[in-house]
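Below: the structure, in structure tokens.
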Amino acid sequence: MAWTEFTTHDDGPLIAGRRAGSGPPVLLLHGGPGLGFDYLRDLADELAEENDVAWYQQRGQEPSASERPYTVATDVGDARRVLDALGWQRAYVVGHSWGGHLALHVAEAMPERLLGVLAVDPLGPVGDGRWPEFDEEMFRRTPEPVRARARELDELSMTGQADDELALEGMRLVWPAYFADPERAPPMPELRMASERSAEMVPSIQAELPALEAGLPGIRVPVGFVHGSQSPMPLGASTDGVERIPGAWLEVVDGAGHFVWVEAPGAVRNSLRRLTAAD
């Protein structure tokens, strides 16, 4: 797949990404909130087989700018700026994990720019986002000999006391827990972490949850959820949204973990087909 580079071209901090494919316009949002986009490249390639897909690096890591603030509102604004840079008046938004959560914020903030939303194994939009349940399941799946160290590094990351190297160490310890069968998890790819962004985004995400929940019944663009049946992210993170967004639907992918496209290639693309066909 041949990807071409693009950047924002307004007066705001630079946001850079890539674009490929043809078909319905799809903006792909990565998770984290301190991860680099790289882990999502295989999904980007999969979706670009049938769609005009653009992805961008959220601010905090190169090639995008590192300027603060790191907040939900800033990330929503950056998504708008990217749509402007692409010349897309309206587009589908597909987001994974934190990116799926962000996609719902985008749907509430600028419905006039969206054709629909597909949230892939997202952080929940109701109550506490089921974040504590997710964390506990991740640690439960992490081998006992390294579990205490994983908890320690997570706490340091959440409170802004971990640098990028410590954050990566923590990710390596829990990486297998993201998968349906941790003992058969693939090796962790080369990842990039922005620990400062992550630490500052967490309180913003938590603070914005009540407003996000309150706005769900007002979302009028088509919304679909895709969730791995064996994901450490609680299924309720998706069903909470489905129950509150008019017309929303959910597809549970049997045998898949958090990275649905890795353990069930084609499943996310099939769900996106359903979303685009409904337009």
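To be explicit about the labels: the chains of the structure tokens are called A, B, and onward in the order shown, and within each one the residues are counted from 1, while ligands get numbers from 1 in the order they are shown.
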Can you build me a table of stretch 76-96 of chain A residues sitting at most 12 Å from stretch 29-44 of chain A, with the closest atom pair per residue and its distance in Å to one decimal, using only C-alpha atoms, sorted by chain and residue number, as a Markdown table?
| residue | atom | partner | partner_atom | distance |
| --- | --- | --- | --- | --- |
| A:Val76 | CA | A:Leu29 | CA | 10.9 |
| A:Asp78 | CA | A:Leu29 | CA | 11.1 |
| A:Ala79 | CA | A:Leu29 | CA | 8.8 |
| A:Val82 | CA | A:Leu29 | CA | 11.1 |
| A:Tyr92 | CA | A:Leu29 | CA | 10.9 |
| A:Val93 | CA | A:Leu29 | CA | 7.4 |
| A:Val94 | CA | A:Leu29 | CA | 6.2 |
| A:Gly95 | CA | A:Leu29 | CA | 4.4 |
| A:His96 | CA | A:Gly31 | CA | 5.5 |
Item to check | Contact residues around A:Gln161 with only C-alpha atoms at 12 Å, ignoring same-chain residues under 2 positions, as a VMD selection string | outcome: chain A and resid 152 to 159 163 to 167 195 to 196 198 to 200
Can you write just those residues out, C-alpha atoms, as a PDB file, in the first residue's frame?
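So the final result, stored in out.pdb, reads:
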ATOM      1  CA  GLU A 152       4.233   0.002  39.973  1.00  0.00           C
ATOM      2  CA  LEU A 153       5.066   1.236  36.483  1.00  0.00           C
ATOM      3  CA  ASP A 154       1.403   1.871  35.706  1.00  0.00           C
ATOM      4  CA  GLU A 155       1.081   4.015  38.812  1.00  0.00           C
ATOM      5  CA  LEU A 156       4.215   5.948  37.912  1.00  0.00           C
ATOM      6  CA  SER A 157       2.884   6.515  34.393  1.00  0.00           C
ATOM      7  CA  MET A 158      -0.540   7.641  35.597  1.00  0.00           C
ATOM      8  CA  THR A 159       0.997  10.176  37.966  1.00  0.00           C
ATOM      9  CA  ASP A 163       9.706   8.627  31.513  1.00  0.00           C
ATOM     10  CA  ASP A 164       9.264   7.098  28.074  1.00  0.00           C
ATOM     11  CA  GLU A 165      11.600   4.191  28.821  1.00  0.00           C
ATOM     12  CA  LEU A 166       9.765   3.213  31.991  1.00  0.00           C
ATOM     13  CA  ALA A 167       6.453   3.504  30.169  1.00  0.00           C
ATOM     14  CA  SER A 195       4.752   9.548  28.725  1.00  0.00           C
ATOM     15  CA  GLU A 196       4.106  13.241  29.405  1.00  0.00           C
ATOM     16  CA  SER A 198      -0.263  10.154  28.521  1.00  0.00           C
ATOM     17  CA  ALA A 199      -0.035  11.456  32.093  1.00  0.00           C
ATOM     18  CA  GLU A 200      -1.693  14.756  31.187  1.00  0.00           C
TER      19      GLU A 200
END
Checklist entry - Hey, what does DSSP flag as helix (DSSP H, G or I) within stretch 51-103 of chain A? Can you give it to me as a PyMOL selection string? => result chain A and resi 72-86+98-103
Write a file of the just-selected residues containing N, CA, C and O atoms, as a compact mmCIF listing (two decimals), in the first residue's frame.
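Result file follows (again05.txt):
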# COMPACT_ATOMS: atom_id res chain seq x y z
N VAL A 72 -8.60 16.49 25.94
CA VAL A 72 -9.60 15.97 25.02
C VAL A 72 -10.04 17.05 24.04
O VAL A 72 -10.14 16.80 22.83
N ALA A 73 -10.28 18.25 24.54
CA ALA A 73 -10.73 19.33 23.67
C ALA A 73 -9.71 19.64 22.58
O ALA A 73 -10.08 19.88 21.42
N THR A 74 -8.43 19.62 22.94
CA THR A 74 -7.39 19.87 21.95
C THR A 74 -7.36 18.77 20.90
O THR A 74 -7.23 19.04 19.70
N ASP A 75 -7.52 17.51 21.33
CA ASP A 75 -7.52 16.41 20.37
C ASP A 75 -8.72 16.47 19.44
O ASP A 75 -8.61 16.15 18.25
N VAL A 76 -9.88 16.87 19.96
CA VAL A 76 -11.05 17.05 19.09
C VAL A 76 -10.76 18.15 18.07
O VAL A 76 -11.06 18.01 16.88
N GLY A 77 -10.17 19.24 18.53
CA GLY A 77 -9.83 20.32 17.62
C GLY A 77 -8.83 19.90 16.57
O GLY A 77 -8.93 20.30 15.39
N ASP A 78 -7.86 19.07 16.95
CA ASP A 78 -6.89 18.57 15.98
C ASP A 78 -7.56 17.69 14.92
O ASP A 78 -7.18 17.73 13.74
N ALA A 79 -8.54 16.90 15.32
CA ALA A 79 -9.27 16.08 14.35
C ALA A 79 -9.97 16.96 13.33
O ALA A 79 -9.97 16.67 12.12
N ARG A 80 -10.56 18.06 13.79
CA ARG A 80 -11.20 18.99 12.86
C ARG A 80 -10.18 19.59 11.90
O ARG A 80 -10.43 19.71 10.69
N ARG A 81 -9.03 19.96 12.44
CA ARG A 81 -7.99 20.56 11.61
C ARG A 81 -7.48 19.58 10.55
O ARG A 81 -7.17 19.98 9.42
N VAL A 82 -7.40 18.30 10.92
CA VAL A 82 -6.97 17.29 9.96
C VAL A 82 -8.00 17.13 8.85
O VAL A 82 -7.66 17.05 7.66
N LEU A 83 -9.28 17.10 9.21
CA LEU A 83 -10.32 17.03 8.18
C LEU A 83 -10.21 18.22 7.23
O LEU A 83 -10.37 18.07 6.01
N ASP A 84 -9.95 19.40 7.78
CA ASP A 84 -9.78 20.58 6.94
C ASP A 84 -8.58 20.43 6.01
O ASP A 84 -8.65 20.76 4.82
N ALA A 85 -7.46 19.92 6.55
CA ALA A 85 -6.26 19.76 5.75
C ALA A 85 -6.47 18.77 4.61
O ALA A 85 -5.90 18.93 3.52
N LEU A 86 -7.29 17.76 4.85
CA LEU A 86 -7.58 16.75 3.82
C LEU A 86 -8.61 17.24 2.81
O LEU A 86 -8.79 16.61 1.76
N TRP A 98 -8.51 4.21 23.09
CA TRP A 98 -8.71 5.64 23.36
C TRP A 98 -9.21 6.35 22.10
O TRP A 98 -10.05 7.25 22.17
N GLY A 99 -8.73 5.93 20.93
CA GLY A 99 -9.18 6.55 19.68
C GLY A 99 -10.66 6.35 19.43
O GLY A 99 -11.33 7.22 18.86
N GLY A 100 -11.21 5.19 19.83
CA GLY A 100 -12.64 4.97 19.70
C GLY A 100 -13.43 5.87 20.63
O GLY A 100 -14.52 6.35 20.29
N HIS A 101 -12.89 6.10 21.82
CA HIS A 101 -13.49 7.01 22.79
C HIS A 101 -13.46 8.44 22.23
O HIS A 101 -14.45 9.17 22.29
N LEU A 102 -12.31 8.82 21.69
CA LEU A 102 -12.17 10.14 21.08
C LEU A 102 -13.16 10.33 19.93
O LEU A 102 -13.72 11.41 19.76
N ALA A 103 -13.39 9.28 19.15
CA ALA A 103 -14.32 9.38 18.02
C ALA A 103 -15.72 9.77 18.49
O ALA A 103 -16.44 10.50 17.79
Next on the checklist: Between atom CA of A:Val242 and atom CA of A:Val223, what distance in Å does the model show, to one decimal?
Outcome noted: 8.3 Å
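Of the residues in stretch 67-256 of chain A, those given strand (DSSP E) by DSSP on the backbone are Ala91, Tyr92, Val93, Val94, Gly95, His96, Leu114, Leu115, Gly116, Val117, Leu118, Ala119, Val120, Val223, Gly224, Phe225, Val226, His227, Gly228, Trp249, Leu250, Glu251, Val252 and Val253 of chain A.
Proximity to A:Arg141 was assessed for A:Gly247, A:Gly60, A:Pro176, A:Gly255 counting only C-alpha atoms; the smallest distance is recorded for A:Pro176.
Minimum atom-to-atom distance to A:Ala211, evaluated using only C-alpha atoms, belongs to A:His105 out of A:Arg184, A:Arg244, A:Arg172, A:His105.
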Checklist entry - So which residues touch A:Trp249 within 10 Å, counting only C-alpha atoms, skipping near sequence neighbours fewer than 5 positions away, as a PyMOL selection string? => result chain A and resi 118+222-226+238-239+241-243+275
How would the residues just chosen look if you wrote them out with N, CA and C atoms as an mmCIF file, in the first residue's frame?
data_model
loop_
_atom_site.group_PDB
_atom_site.id
_atom_site.type_symbol
_atom_site.label_atom_id
_atom_site.label_comp_id
_atom_site.auth_asym_id
_atom_site.auth_seq_id
_atom_site.Cartn_x
_atom_site.Cartn_y
_atom_site.Cartn_z
ATOM 1 N N LEU A 118 -17.077 4.355 13.842
ATOM 2 C CA LEU A 118 -16.854 2.958 14.212
ATOM 3 C C LEU A 118 -15.842 2.940 15.346
ATOM 4 N N PRO A 222 -24.655 7.680 12.241
ATOM 5 C CA PRO A 222 -24.584 6.234 12.479
ATOM 6 C C PRO A 222 -23.346 5.866 13.295
ATOM 7 N N VAL A 223 -23.537 5.002 14.268
ATOM 8 C CA VAL A 223 -22.433 4.578 15.144
ATOM 9 C C VAL A 223 -22.451 3.063 15.288
ATOM 10 N N GLY A 224 -21.300 2.450 15.054
ATOM 11 C CA GLY A 224 -21.130 1.023 15.284
ATOM 12 C C GLY A 224 -19.977 0.782 16.242
ATOM 13 N N PHE A 225 -20.060 -0.330 16.953
ATOM 14 C CA PHE A 225 -18.996 -0.751 17.861
ATOM 15 C C PHE A 225 -18.535 -2.142 17.446
ATOM 16 N N VAL A 226 -17.243 -2.388 17.539
ATOM 17 C CA VAL A 226 -16.660 -3.712 17.313
ATOM 18 C C VAL A 226 -15.868 -4.067 18.558
ATOM 19 N N SER A 238 -18.434 -1.141 25.392
ATOM 20 C CA SER A 238 -19.149 -0.925 24.131
ATOM 21 C C SER A 238 -20.662 -0.925 24.315
ATOM 22 N N THR A 239 -21.198 -1.875 25.101
ATOM 23 C CA THR A 239 -22.645 -1.949 25.250
ATOM 24 C C THR A 239 -23.198 -0.710 25.961
ATOM 25 N N GLY A 241 -22.348 2.290 25.417
ATOM 26 C CA GLY A 241 -22.585 3.261 24.364
ATOM 27 C C GLY A 241 -23.748 2.878 23.478
ATOM 28 N N VAL A 242 -23.814 1.600 23.120
ATOM 29 C CA VAL A 242 -24.893 1.120 22.252
ATOM 30 C C VAL A 242 -26.255 1.393 22.881
ATOM 31 N N GLU A 243 -26.345 1.211 24.182
ATOM 32 C CA GLU A 243 -27.628 1.392 24.875
ATOM 33 C C GLU A 243 -28.086 2.840 24.901
ATOM 34 N N LEU A 275 -21.131 -0.129 8.171
ATOM 35 C CA LEU A 275 -21.368 1.284 8.477
ATOM 36 C C LEU A 275 -21.508 2.112 7.186
#
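If only C-alpha atoms are the atoms counted, then among A:Glu133, A:Val260, A:Gly236, A:Gln61 the closest residue to A:Leu191 is A:Gln61.
Among the candidate residues A:Tyr70, A:Arg18, A:Pro24, A:Ala277, the one lying nearest to A:Gln57 is A:Arg18, with distances computed using only C-alpha atoms.
Restricting the calculation to only C-alpha atoms, the smallest distance between A:Ala91 and any of A:Ala207, A:Leu173, A:Leu216, A:Val221 is found for A:Val221.
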